[in-house]
file final-v6.cif (mmCIF, C-alpha atoms; chains and numbers go by the auth columns)
data_protein
#
loop_
_atom_site.group_PDB
_atom_site.id
_atom_site.type_symbol
_atom_site.label_atom_id
_atom_site.label_comp_id
_atom_site.label_asym_id
_atom_site.label_seq_id
_atom_site.Cartn_x
_atom_site.Cartn_y
_atom_site.Cartn_z
_atom_site.B_iso_or_equiv
_atom_site.auth_seq_id
_atom_site.auth_asym_id
ATOM 1 C CA MET A 1 100.417 62.847 104.383 0.00 1 A
ATOM 2 C CA SER A 2 99.476 65.641 106.754 0.00 2 A
ATOM 3 C CA ASN A 3 102.200 66.846 109.122 0.00 3 A
ATOM 4 C CA THR A 4 99.605 67.854 111.704 0.00 4 A
ATOM 5 C CA SER A 5 98.288 65.287 114.138 0.00 5 A
ATOM 6 C CA PHE A 6 94.496 65.083 114.533 0.00 6 A
ATOM 7 C CA ASP A 7 92.459 62.698 116.650 0.00 7 A
ATOM 8 C CA TRP A 8 89.834 62.231 113.947 0.00 8 A
ATOM 9 C CA ALA A 9 89.549 62.904 110.249 0.00 9 A
ATOM 10 C CA ILE A 10 86.627 63.153 107.854 0.00 10 A
ATOM 11 C CA VAL A 11 87.412 61.770 104.404 0.00 11 A
ATOM 12 C CA VAL A 12 85.027 62.837 101.630 0.00 12 A
ATOM 13 C CA PRO A 13 85.262 61.398 98.102 0.00 13 A
ATOM 14 C CA VAL A 14 84.061 63.967 95.550 0.00 14 A
ATOM 15 C CA LEU A 15 83.473 64.017 91.814 0.00 15 A
ATOM 16 C CA ASN A 16 81.862 66.941 89.980 0.00 16 A
ATOM 17 C CA GLU A 17 80.071 68.223 93.083 0.00 17 A
ATOM 18 C CA ILE A 18 80.055 71.936 92.226 0.00 18 A
ATOM 19 C CA ALA A 19 76.248 72.240 92.412 0.00 19 A
ATOM 20 C CA THR A 20 76.034 71.125 96.030 0.00 20 A
ATOM 21 C CA LEU A 21 79.571 71.989 97.106 0.00 21 A
ATOM 22 C CA PRO A 22 78.758 75.196 99.042 0.00 22 A
ATOM 23 C CA ASP A 23 76.381 73.323 101.360 0.00 23 A
ATOM 24 C CA LEU A 24 78.865 70.479 101.786 0.00 24 A
ATOM 25 C CA LEU A 25 81.717 72.837 102.662 0.00 25 A
ATOM 26 C CA ASP A 26 79.544 74.795 105.095 0.00 26 A
ATOM 27 C CA HIS A 27 78.783 71.507 106.831 0.00 27 A
ATOM 28 C CA LEU A 28 82.395 70.365 106.875 0.00 28 A
ATOM 29 C CA GLN A 29 83.554 73.717 108.223 0.00 29 A
ATOM 30 C CA ILE A 30 81.520 73.071 111.375 0.00 30 A
ATOM 31 C CA TRP A 31 83.503 69.910 112.085 0.00 31 A
ATOM 32 C CA GLN A 32 86.773 71.517 111.085 0.00 32 A
ATOM 33 C CA GLN A 33 86.157 74.192 113.697 0.00 33 A
ATOM 34 C CA ARG A 34 85.471 71.440 116.245 0.00 34 A
ATOM 35 C CA GLY A 35 88.903 69.926 115.678 0.00 35 A
ATOM 36 C CA ALA A 36 88.446 67.459 112.830 0.00 36 A
ATOM 37 C CA GLU A 37 90.854 67.137 109.956 0.00 37 A
ATOM 38 C CA VAL A 38 88.795 67.408 106.765 0.00 38 A
ATOM 39 C CA LEU A 39 90.153 65.933 103.561 0.00 39 A
ATOM 40 C CA LEU A 40 88.373 65.975 100.214 0.00 40 A
ATOM 41 C CA VAL A 41 89.552 63.370 97.706 0.00 41 A
ATOM 42 C CA ASP A 42 88.777 64.277 94.122 0.00 42 A
ATOM 43 C CA GLY A 43 88.335 61.580 91.511 0.00 43 A
ATOM 44 C CA GLY A 44 88.847 63.773 88.440 0.00 44 A
ATOM 45 C CA SER A 45 86.255 66.553 88.615 0.00 45 A
ATOM 46 C CA ARG A 46 85.901 68.777 85.553 0.00 46 A
ATOM 47 C CA ASP A 47 83.424 71.292 86.939 0.00 47 A
ATOM 48 C CA GLY A 48 85.654 73.369 89.205 0.00 48 A
ATOM 49 C CA THR A 49 85.040 71.353 92.373 0.00 49 A
ATOM 50 C CA THR A 50 88.693 71.272 93.410 0.00 50 A
ATOM 51 C CA THR A 51 89.276 74.974 92.700 0.00 51 A
ATOM 52 C CA ALA A 52 86.183 75.990 94.651 0.00 52 A
ATOM 53 C CA ALA A 53 87.163 73.813 97.616 0.00 53 A
ATOM 54 C CA HIS A 54 90.710 75.197 97.616 0.00 54 A
ATOM 55 C CA GLU A 55 89.361 78.736 97.535 0.00 55 A
ATOM 56 C CA ARG A 56 87.369 77.971 100.676 0.00 56 A
ATOM 57 C CA GLY A 57 90.553 76.805 102.383 0.00 57 A
ATOM 58 C CA PHE A 58 89.930 73.060 102.296 0.00 58 A
ATOM 59 C CA ARG A 59 92.590 70.473 101.658 0.00 59 A
ATOM 60 C CA VAL A 60 92.002 68.484 98.471 0.00 60 A
ATOM 61 C CA ILE A 61 94.011 65.598 97.071 0.00 61 A
ATOM 62 C CA SER A 62 93.521 63.622 93.867 0.00 62 A
ATOM 63 C CA ALA A 63 93.050 59.885 93.424 0.00 63 A
ATOM 64 C CA PRO A 64 91.875 57.504 90.714 0.00 64 A
ATOM 65 C CA PRO A 65 88.076 57.667 90.402 0.00 65 A
ATOM 66 C CA GLY A 66 85.990 55.301 92.502 0.00 66 A
ATOM 67 C CA ARG A 67 84.908 55.690 96.096 0.00 67 A
ATOM 68 C CA ALA A 68 87.090 52.848 97.361 0.00 68 A
ATOM 69 C CA SER A 69 90.209 54.247 95.694 0.00 69 A
ATOM 70 C CA GLN A 70 89.458 57.782 96.851 0.00 70 A
ATOM 71 C CA MET A 71 88.673 56.838 100.449 0.00 71 A
ATOM 72 C CA ASN A 72 91.799 54.695 100.723 0.00 72 A
ATOM 73 C CA ALA A 73 93.882 57.585 99.406 0.00 73 A
ATOM 74 C CA GLY A 74 92.306 59.915 101.949 0.00 74 A
ATOM 75 C CA ALA A 75 93.052 57.540 104.816 0.00 75 A
ATOM 76 C CA HIS A 76 96.660 57.281 103.627 0.00 76 A
ATOM 77 C CA HIS A 77 97.076 61.063 103.651 0.00 77 A
ATOM 78 C CA THR A 78 96.039 61.574 107.255 0.00 78 A
ATOM 79 C CA ARG A 79 97.571 60.426 110.521 0.00 79 A
ATOM 80 C CA ALA A 80 94.336 60.655 112.472 0.00 80 A
ATOM 81 C CA ALA A 81 93.631 57.813 114.887 0.00 81 A
ATOM 82 C CA HIS A 82 89.942 57.723 113.953 0.00 82 A
ATOM 83 C CA LEU A 83 88.496 57.913 110.460 0.00 83 A
ATOM 84 C CA VAL A 84 85.039 58.928 109.245 0.00 84 A
ATOM 85 C CA PHE A 85 84.101 58.249 105.619 0.00 85 A
ATOM 86 C CA LEU A 86 81.414 60.669 104.500 0.00 86 A
ATOM 87 C CA HIS A 87 79.655 60.724 101.136 0.00 87 A
ATOM 88 C CA ALA A 88 79.398 64.161 99.556 0.00 88 A
ATOM 89 C CA ASP A 89 75.598 64.163 99.782 0.00 89 A
ATOM 90 C CA THR A 90 75.464 63.042 103.442 0.00 90 A
ATOM 91 C CA ARG A 91 75.456 65.263 106.528 0.00 91 A
ATOM 92 C CA LEU A 92 76.503 64.236 110.023 0.00 92 A
ATOM 93 C CA PRO A 93 74.135 64.698 112.978 0.00 93 A
ATOM 94 C CA GLU A 94 74.639 67.148 115.810 0.00 94 A
ATOM 95 C CA HIS A 95 77.434 66.168 118.216 0.00 95 A
ATOM 96 C CA ALA A 96 78.645 63.516 115.792 0.00 96 A
ATOM 97 C CA ASP A 97 82.213 63.966 117.019 0.00 97 A
ATOM 98 C CA GLN A 98 81.261 63.206 120.610 0.00 98 A
ATOM 99 C CA ARG A 99 79.143 60.230 119.560 0.00 99 A
ATOM 100 C CA ILE A 100 81.984 58.773 117.497 0.00 100 A
ATOM 101 C CA GLN A 101 84.544 59.376 120.227 0.00 101 A
ATOM 102 C CA SER A 102 82.351 57.581 122.741 0.00 102 A
ATOM 103 C CA ALA A 103 81.715 54.686 120.361 0.00 103 A
ATOM 104 C CA LEU A 104 85.403 54.128 119.639 0.00 104 A
ATOM 105 C CA ALA A 105 86.818 54.965 123.057 0.00 105 A
ATOM 106 C CA HIS A 106 87.049 51.461 124.484 0.00 106 A
ATOM 107 C CA SER A 107 88.866 49.556 121.755 0.00 107 A
ATOM 108 C CA ALA A 108 91.494 50.064 119.074 0.00 108 A
ATOM 109 C CA LEU A 109 89.544 47.540 117.006 0.00 109 A
ATOM 110 C CA ALA A 110 86.212 49.292 116.816 0.00 110 A
ATOM 111 C CA TRP A 111 83.978 50.575 114.060 0.00 111 A
ATOM 112 C CA GLY A 112 80.408 51.641 113.470 0.00 112 A
ATOM 113 C CA ARG A 113 77.895 53.731 111.595 0.00 113 A
ATOM 114 C CA PHE A 114 74.883 56.005 112.091 0.00 114 A
ATOM 115 C CA ASP A 115 71.259 55.416 111.264 0.00 115 A
ATOM 116 C CA VAL A 116 70.207 57.274 108.121 0.00 116 A
ATOM 117 C CA ARG A 117 67.382 59.557 107.071 0.00 117 A
ATOM 118 C CA ILE A 118 66.848 59.947 103.323 0.00 118 A
ATOM 119 C CA GLU A 119 65.642 63.353 102.162 0.00 119 A
ATOM 120 C CA GLY A 120 63.680 63.658 98.940 0.00 120 A
ATOM 121 C CA ARG A 121 60.263 63.922 97.337 0.00 121 A
ATOM 122 C CA SER A 122 59.191 60.293 97.440 0.00 122 A
ATOM 123 C CA ARG A 123 56.853 59.247 100.229 0.00 123 A
ATOM 124 C CA LEU A 124 58.597 55.870 100.295 0.00 124 A
ATOM 125 C CA LEU A 125 61.916 57.275 101.514 0.00 125 A
ATOM 126 C CA PRO A 126 61.126 57.071 105.260 0.00 126 A
ATOM 127 C CA ALA A 127 60.267 53.385 104.810 0.00 127 A
ATOM 128 C CA VAL A 128 63.406 52.809 102.755 0.00 128 A
ATOM 129 C CA ALA A 129 65.543 54.391 105.470 0.00 129 A
ATOM 130 C CA PHE A 130 63.799 52.398 108.210 0.00 130 A
ATOM 131 C CA LEU A 131 64.479 49.131 106.389 0.00 131 A
ATOM 132 C CA MET A 132 68.101 50.121 105.669 0.00 132 A
ATOM 133 C CA ASN A 133 68.702 50.829 109.344 0.00 133 A
ATOM 134 C CA LEU A 134 66.992 47.647 110.459 0.00 134 A
ATOM 135 C CA ARG A 135 68.802 45.479 107.946 0.00 135 A
ATOM 136 C CA SER A 136 72.117 47.028 108.932 0.00 136 A
ATOM 137 C CA ARG A 137 71.495 46.480 112.626 0.00 137 A
ATOM 138 C CA LEU A 138 70.525 42.834 112.090 0.00 138 A
ATOM 139 C CA SER A 139 73.246 41.982 109.580 0.00 139 A
ATOM 140 C CA GLY A 140 76.166 44.034 110.879 0.00 140 A
ATOM 141 C CA ILE A 141 76.628 45.449 107.362 0.00 141 A
ATOM 142 C CA ALA A 142 76.951 49.223 106.959 0.00 142 A
ATOM 143 C CA THR A 143 76.278 51.205 103.808 0.00 143 A
ATOM 144 C CA GLY A 144 78.339 54.190 102.750 0.00 144 A
ATOM 145 C CA ASP A 145 75.336 56.472 103.232 0.00 145 A
ATOM 146 C CA GLN A 146 75.457 55.699 106.972 0.00 146 A
ATOM 147 C CA ALA A 147 78.841 57.438 107.458 0.00 147 A
ATOM 148 C CA LEU A 148 81.086 54.555 108.445 0.00 148 A
ATOM 149 C CA PHE A 149 83.605 55.387 111.197 0.00 149 A
ATOM 150 C CA ILE A 150 86.540 53.272 112.283 0.00 150 A
ATOM 151 C CA THR A 151 89.795 53.265 114.211 0.00 151 A
ATOM 152 C CA ARG A 152 92.891 53.516 112.049 0.00 152 A
ATOM 153 C CA ALA A 153 94.276 50.337 113.607 0.00 153 A
ATOM 154 C CA LEU A 154 91.283 48.310 112.482 0.00 154 A
ATOM 155 C CA PHE A 155 91.109 49.991 109.068 0.00 155 A
ATOM 156 C CA GLU A 156 94.719 49.056 108.401 0.00 156 A
ATOM 157 C CA GLN A 157 94.246 45.555 109.792 0.00 157 A
ATOM 158 C CA VAL A 158 91.587 44.737 107.178 0.00 158 A
ATOM 159 C CA GLY A 159 93.550 46.414 104.384 0.00 159 A
ATOM 160 C CA GLY A 160 91.205 49.352 103.838 0.00 160 A
ATOM 161 C CA PHE A 161 88.446 49.333 101.273 0.00 161 A
ATOM 162 C CA PRO A 162 88.649 46.590 98.639 0.00 162 A
ATOM 163 C CA ALA A 163 89.672 47.661 95.145 0.00 163 A
ATOM 164 C CA GLN A 164 86.259 47.304 93.521 0.00 164 A
ATOM 165 C CA PRO A 165 83.892 49.788 91.849 0.00 165 A
ATOM 166 C CA LEU A 166 80.762 48.939 93.841 0.00 166 A
ATOM 167 C CA MET A 167 79.751 47.241 97.105 0.00 167 A
ATOM 168 C CA GLU A 168 82.997 48.341 98.734 0.00 168 A
ATOM 169 C CA ASP A 169 80.998 49.265 101.831 0.00 169 A
ATOM 170 C CA ILE A 170 79.438 45.801 102.057 0.00 170 A
ATOM 171 C CA GLU A 171 82.764 44.053 101.522 0.00 171 A
ATOM 172 C CA ILE A 172 84.660 46.035 104.137 0.00 172 A
ATOM 173 C CA SER A 173 81.769 45.520 106.589 0.00 173 A
ATOM 174 C CA LYS A 174 82.021 41.754 106.064 0.00 174 A
ATOM 175 C CA ARG A 175 85.746 41.871 106.826 0.00 175 A
ATOM 176 C CA LEU A 176 85.322 44.148 109.824 0.00 176 A
ATOM 177 C CA LYS A 177 82.602 42.179 111.532 0.00 177 A
ATOM 178 C CA ARG A 178 84.816 39.086 111.542 0.00 178 A
ATOM 179 C CA ILE A 179 86.901 41.034 114.057 0.00 179 A
ATOM 180 C CA SER A 180 84.288 43.038 115.952 0.00 180 A
ATOM 181 C CA THR A 181 80.601 43.874 115.708 0.00 181 A
ATOM 182 C CA PRO A 182 79.728 47.414 114.613 0.00 182 A
ATOM 183 C CA VAL A 183 78.454 50.131 116.907 0.00 183 A
ATOM 184 C CA CYS A 184 75.070 51.063 115.409 0.00 184 A
ATOM 185 C CA LEU A 185 74.303 54.603 116.520 0.00 185 A
ATOM 186 C CA ARG A 186 70.663 55.648 116.395 0.00 186 A
ATOM 187 C CA ALA A 187 71.482 59.291 115.711 0.00 187 A
ATOM 188 C CA ARG A 188 70.714 59.888 112.044 0.00 188 A
ATOM 189 C CA VAL A 189 72.818 61.225 109.241 0.00 189 A
ATOM 190 C CA ARG A 190 70.893 62.973 106.483 0.00 190 A
ATOM 191 C CA THR A 191 71.502 61.820 102.940 0.00 191 A
ATOM 192 C CA SER A 192 70.102 62.800 99.569 0.00 192 A
ATOM 193 C CA GLY A 193 67.288 60.808 97.975 0.00 193 A
ATOM 194 C CA ARG A 194 68.015 62.210 94.522 0.00 194 A
ATOM 195 C CA ARG A 195 68.672 58.770 93.025 0.00 195 A
ATOM 196 C CA TRP A 196 65.244 57.600 94.166 0.00 196 A
ATOM 197 C CA ASP A 197 63.623 60.821 92.957 0.00 197 A
ATOM 198 C CA GLN A 198 65.321 60.741 89.561 0.00 198 A
ATOM 199 C CA ARG A 199 64.953 57.043 88.767 0.00 199 A
ATOM 200 C CA GLY A 200 61.753 56.304 90.637 0.00 200 A
ATOM 201 C CA SER A 201 61.472 54.863 94.132 0.00 201 A
ATOM 202 C CA TRP A 202 60.214 51.383 93.299 0.00 202 A
ATOM 203 C CA ARG A 203 62.616 50.991 90.399 0.00 203 A
ATOM 204 C CA THR A 204 65.572 51.992 92.583 0.00 204 A
ATOM 205 C CA ILE A 205 64.493 49.762 95.474 0.00 205 A
ATOM 206 C CA VAL A 206 64.173 46.744 93.187 0.00 206 A
ATOM 207 C CA LEU A 207 67.509 47.496 91.522 0.00 207 A
ATOM 208 C CA MET A 208 69.349 47.789 94.834 0.00 208 A
ATOM 209 C CA TRP A 209 67.944 44.512 96.125 0.00 209 A
ATOM 210 C CA GLN A 210 68.808 42.779 92.848 0.00 210 A
ATOM 211 C CA LEU A 211 72.376 44.078 93.040 0.00 211 A
ATOM 212 C CA ARG A 212 72.785 42.973 96.650 0.00 212 A
ATOM 213 C CA TRP A 213 71.380 39.538 95.898 0.00 213 A
ATOM 214 C CA ALA A 214 73.636 39.148 92.877 0.00 214 A
ATOM 215 C CA TYR A 215 76.675 40.223 94.893 0.00 215 A
ATOM 216 C CA TRP A 216 75.809 37.738 97.630 0.00 216 A
ATOM 217 C CA ARG A 217 75.587 35.060 94.938 0.00 217 A
ATOM 218 C CA GLY A 218 79.094 35.926 93.746 0.00 218 A
ATOM 219 C CA THR A 219 78.561 38.242 90.766 0.00 219 A
ATOM 220 C CA PRO A 220 81.715 40.393 90.344 0.00 220 A
ATOM 221 C CA ALA A 221 81.375 43.986 91.506 0.00 221 A
ATOM 222 C CA GLN A 222 82.546 45.241 88.089 0.00 222 A
ATOM 223 C CA GLN A 223 79.512 43.691 86.398 0.00 223 A
ATOM 224 C CA LEU A 224 77.181 45.108 89.031 0.00 224 A
ATOM 225 C CA ALA A 225 78.684 48.577 88.619 0.00 225 A
ATOM 226 C CA GLU A 226 77.636 48.596 84.958 0.00 226 A
ATOM 227 C CA ARG A 227 74.031 47.887 85.968 0.00 227 A
ATOM 228 C CA TYR A 228 74.165 50.498 88.743 0.00 228 A
ATOM 229 C CA ARG A 229 75.094 53.271 86.333 0.00 229 A
#
call {"tool": "encode", "arguments": {"input": "final-v6.cif", "output": "structure tokens"}}
result
Amino acid sequence: MSNTSFDWAIVVPVLNEIATLPDLLDHLQIWQQRGAEVLLVDGGSRDGTTTAAHERGFRVISAPPGRASQMNAGAHHTRAAHLVFLHADTRLPEHADQRIQSALAHSALAWGRFDVRIEGRSRLLPAVAFLMNLRSRLSGIATGDQALFITRALFEQVGGFPAQPLMEDIEISKRLKRISTPVCLRARVRTSGRRWDQRGSWRTIVLMWQLRWAYWRGTPAQQLAERYR
């Protein structure tokens, strides 16, 4: 655990991110300079990700692979009062720190997320992002791509992310909204559309809806993770 006290921390799970790591670290350095604690949590990279991050002066810890495991480990290794969980291919919007501070200022039991913009080649991505944001606003369920932020008190109250290989964002959202509704910020994070570009937009859209429906019907996350890969 860090010996330095920060008001907010950005926890980033990483795994073999060397190709896009320079851009990620440039982005994180902005927030580090604005007073955030930045913690990368490596899930077993074999491509030099951890070495490259260390050489840039970033703090990196190791955890068992899986976003839930890695994000929980990151939260455990910081004392920050406010936590932001950021995927390695997602970038926060301008003044994100001020927006988060304002959103969480009035309650120790508060959480929220940003709207998302998906960047990629497919012309369907703007529509996909619009529907993701709308669904999230109506349901109170946040996805990991939307950069979930939360007070430490509330994160600890719900026991952190559930120990499952997929849908950890949906499950923690379900637990959180039993206590308080999320703050849905309209400022947009930018996230990569590479999965849609690589696998095809319609195919990916159908797959994601099938997985969500199956999870809602009670299919174990482990089974869904096999289909997701």
call {"tool": "resolve_selection", "arguments": {"input": "final-v6.cif", "expression": "the PyMOL selection byres ((chain A and resi 141-144) around 12)", "output": "number ranges by chain"}}
result
A: 11-13, 67-68, 71, 84-90, 111-116, 129, 132-140, 145-150, 161, 166-178, 180-185, 189, 191, 208, 212
call {"tool": "closest_atom_pairs", "arguments": {"input": "final-v6.cif", "of": "stretch 123-178 of chain A", "to": "stretch 95-109 of chain A", "cutoff": "7 Å", "atoms": "only C-alpha atoms", "output": "Markdown table"}}
result
| residue | atom | partner | partner_atom | distance |
| --- | --- | --- | --- | --- |
| A:Thr151 | CA | A:Ala108 | CA | 6.1 |
| A:Ala153 | CA | A:Ala108 | CA | 6.1 |
| A:Leu154 | CA | A:Leu109 | CA | 4.9 |
call {"tool": "write_last_selection", "arguments": {"input": "final-v6.cif", "atoms": "C-alpha atoms", "output": "compact mmCIF listing (two decimals), in the frame of the given file"}}
result
# COMPACT_ATOMS: atom_id res chain seq x y z
CA THR A 151 89.80 53.26 114.21
CA ALA A 153 94.28 50.34 113.61
CA LEU A 154 91.28 48.31 112.48
call {"tool": "closest_residue", "arguments": {"input": "final-v6.cif", "among": "A:Pro65, A:Phe130, A:Leu92, A:Ala187", "to": "A:Gln164", "atoms": "only C-alpha atoms"}}
result
A:Pro65
call {"tool": "resolve_selection", "arguments": {"input": "final-v6.cif", "expression": "the PyMOL selection byres ((chain A and resi 46) around 12)", "output": "MDAnalysis selection string"}}
result
chainID A and resid 14:18 42:45 47:52
call {"tool": "atom_distance", "arguments": {"input": "final-v6.cif", "atom1": "atom CA of A:Leu28", "atom2": "atom CA of A:Thr204"}}
result
28.7 Å
call {"tool": "residues_around", "arguments": {"input": "final-v6.cif", "residues": "A:Arg56", "least_positions_apart": "2", "cutoff": "12 Å", "atoms": "all atoms listed in the file", "output": "PyMOL selection string"}}
result
chain A and resi 21-26+28-29+49-54+58-60
call {"tool": "atom_distance", "arguments": {"input": "final-v6.cif", "atom1": "atom CA of A:Val38", "atom2": "atom CA of A:Ala9"}}
result
5.7 Å
call {"tool": "residues_around", "arguments": {"input": "final-v6.cif", "residues": "A:His76", "least_positions_apart": "4", "cutoff": "12 Å", "atoms": "all atoms listed in the file", "output": "list in words"}}
result
Met1, Ser2, Ala9, Val11, Leu39, Val41, Ile61, Ala63, Ser69, Gln70, Met71, Asn72, Ala80, Ala81, Leu83, Arg152, Phe155, Glu156, Gly159, Gly160 and Phe161 of chain A
call {"tool": "write_last_selection", "arguments": {"input": "final-v6.cif", "atoms": "C-alpha atoms", "output": "PDB file, in the frame of the given file"}}
result
ATOM      1  CA  MET A   1     100.417  62.847 104.383  1.00  0.00           C
ATOM      2  CA  SER A   2      99.476  65.641 106.754  1.00  0.00           C
ATOM      3  CA  ALA A   9      89.549  62.904 110.249  1.00  0.00           C
ATOM      4  CA  VAL A  11      87.412  61.770 104.404  1.00  0.00           C
ATOM      5  CA  LEU A  39      90.153  65.933 103.561  1.00  0.00           C
ATOM      6  CA  VAL A  41      89.552  63.370  97.706  1.00  0.00           C
ATOM      7  CA  ILE A  61      94.011  65.598  97.071  1.00  0.00           C
ATOM      8  CA  ALA A  63      93.050  59.885  93.424  1.00  0.00           C
ATOM      9  CA  SER A  69      90.209  54.247  95.694  1.00  0.00           C
ATOM     10  CA  GLN A  70      89.458  57.782  96.851  1.00  0.00           C
ATOM     11  CA  MET A  71      88.673  56.838 100.449  1.00  0.00           C
ATOM     12  CA  ASN A  72      91.799  54.695 100.723  1.00  0.00           C
ATOM     13  CA  ALA A  80      94.336  60.655 112.472  1.00  0.00           C
ATOM     14  CA  ALA A  81      93.631  57.813 114.887  1.00  0.00           C
ATOM     15  CA  LEU A  83      88.496  57.913 110.460  1.00  0.00           C
ATOM     16  CA  ARG A 152      92.891  53.516 112.049  1.00  0.00           C
ATOM     17  CA  PHE A 155      91.109  49.991 109.068  1.00  0.00           C
ATOM     18  CA  GLU A 156      94.719  49.056 108.401  1.00  0.00           C
ATOM     19  CA  GLY A 159      93.550  46.414 104.384  1.00  0.00           C
ATOM     20  CA  GLY A 160      91.205  49.352 103.838  1.00  0.00           C
ATOM     21  CA  PHE A 161      88.446  49.333 101.273  1.00  0.00           C
TER      22      PHE A 161
END
call {"tool": "closest_residue", "arguments": {"input": "final-v6.cif", "among": "A:Trp196, A:Ala19, A:Asp7, A:Arg34", "to": "A:Arg121", "atoms": "all atoms listed in the file"}}
result
A:Trp196
call {"tool": "resolve_selection", "arguments": {"input": "final-v6.cif", "expression": "the PyMOL selection byres ((chain A and resi 124) around 12)", "output": "PyMOL selection string"}}
result
chain A and resi 117-123+125-131+193+196-197+200-205
call {"tool": "axis_aligned_box", "arguments": {"input": "final-v6.cif", "around": "stretch 180-196 of chain A", "padding_each_side": "3 Å", "output": "AutoDock Vina command-line options"}}
result
--center_x 74.8 --center_y 53.0 --center_z 105.0 --size_x 25.0 --size_y 25.9 --size_z 29.9
call {"tool": "atom_distance", "arguments": {"input": "final-v6.cif", "atom1": "atom CA of A:Ile10", "atom2": "atom CA of A:Leu40"}}
result
8.3 Å
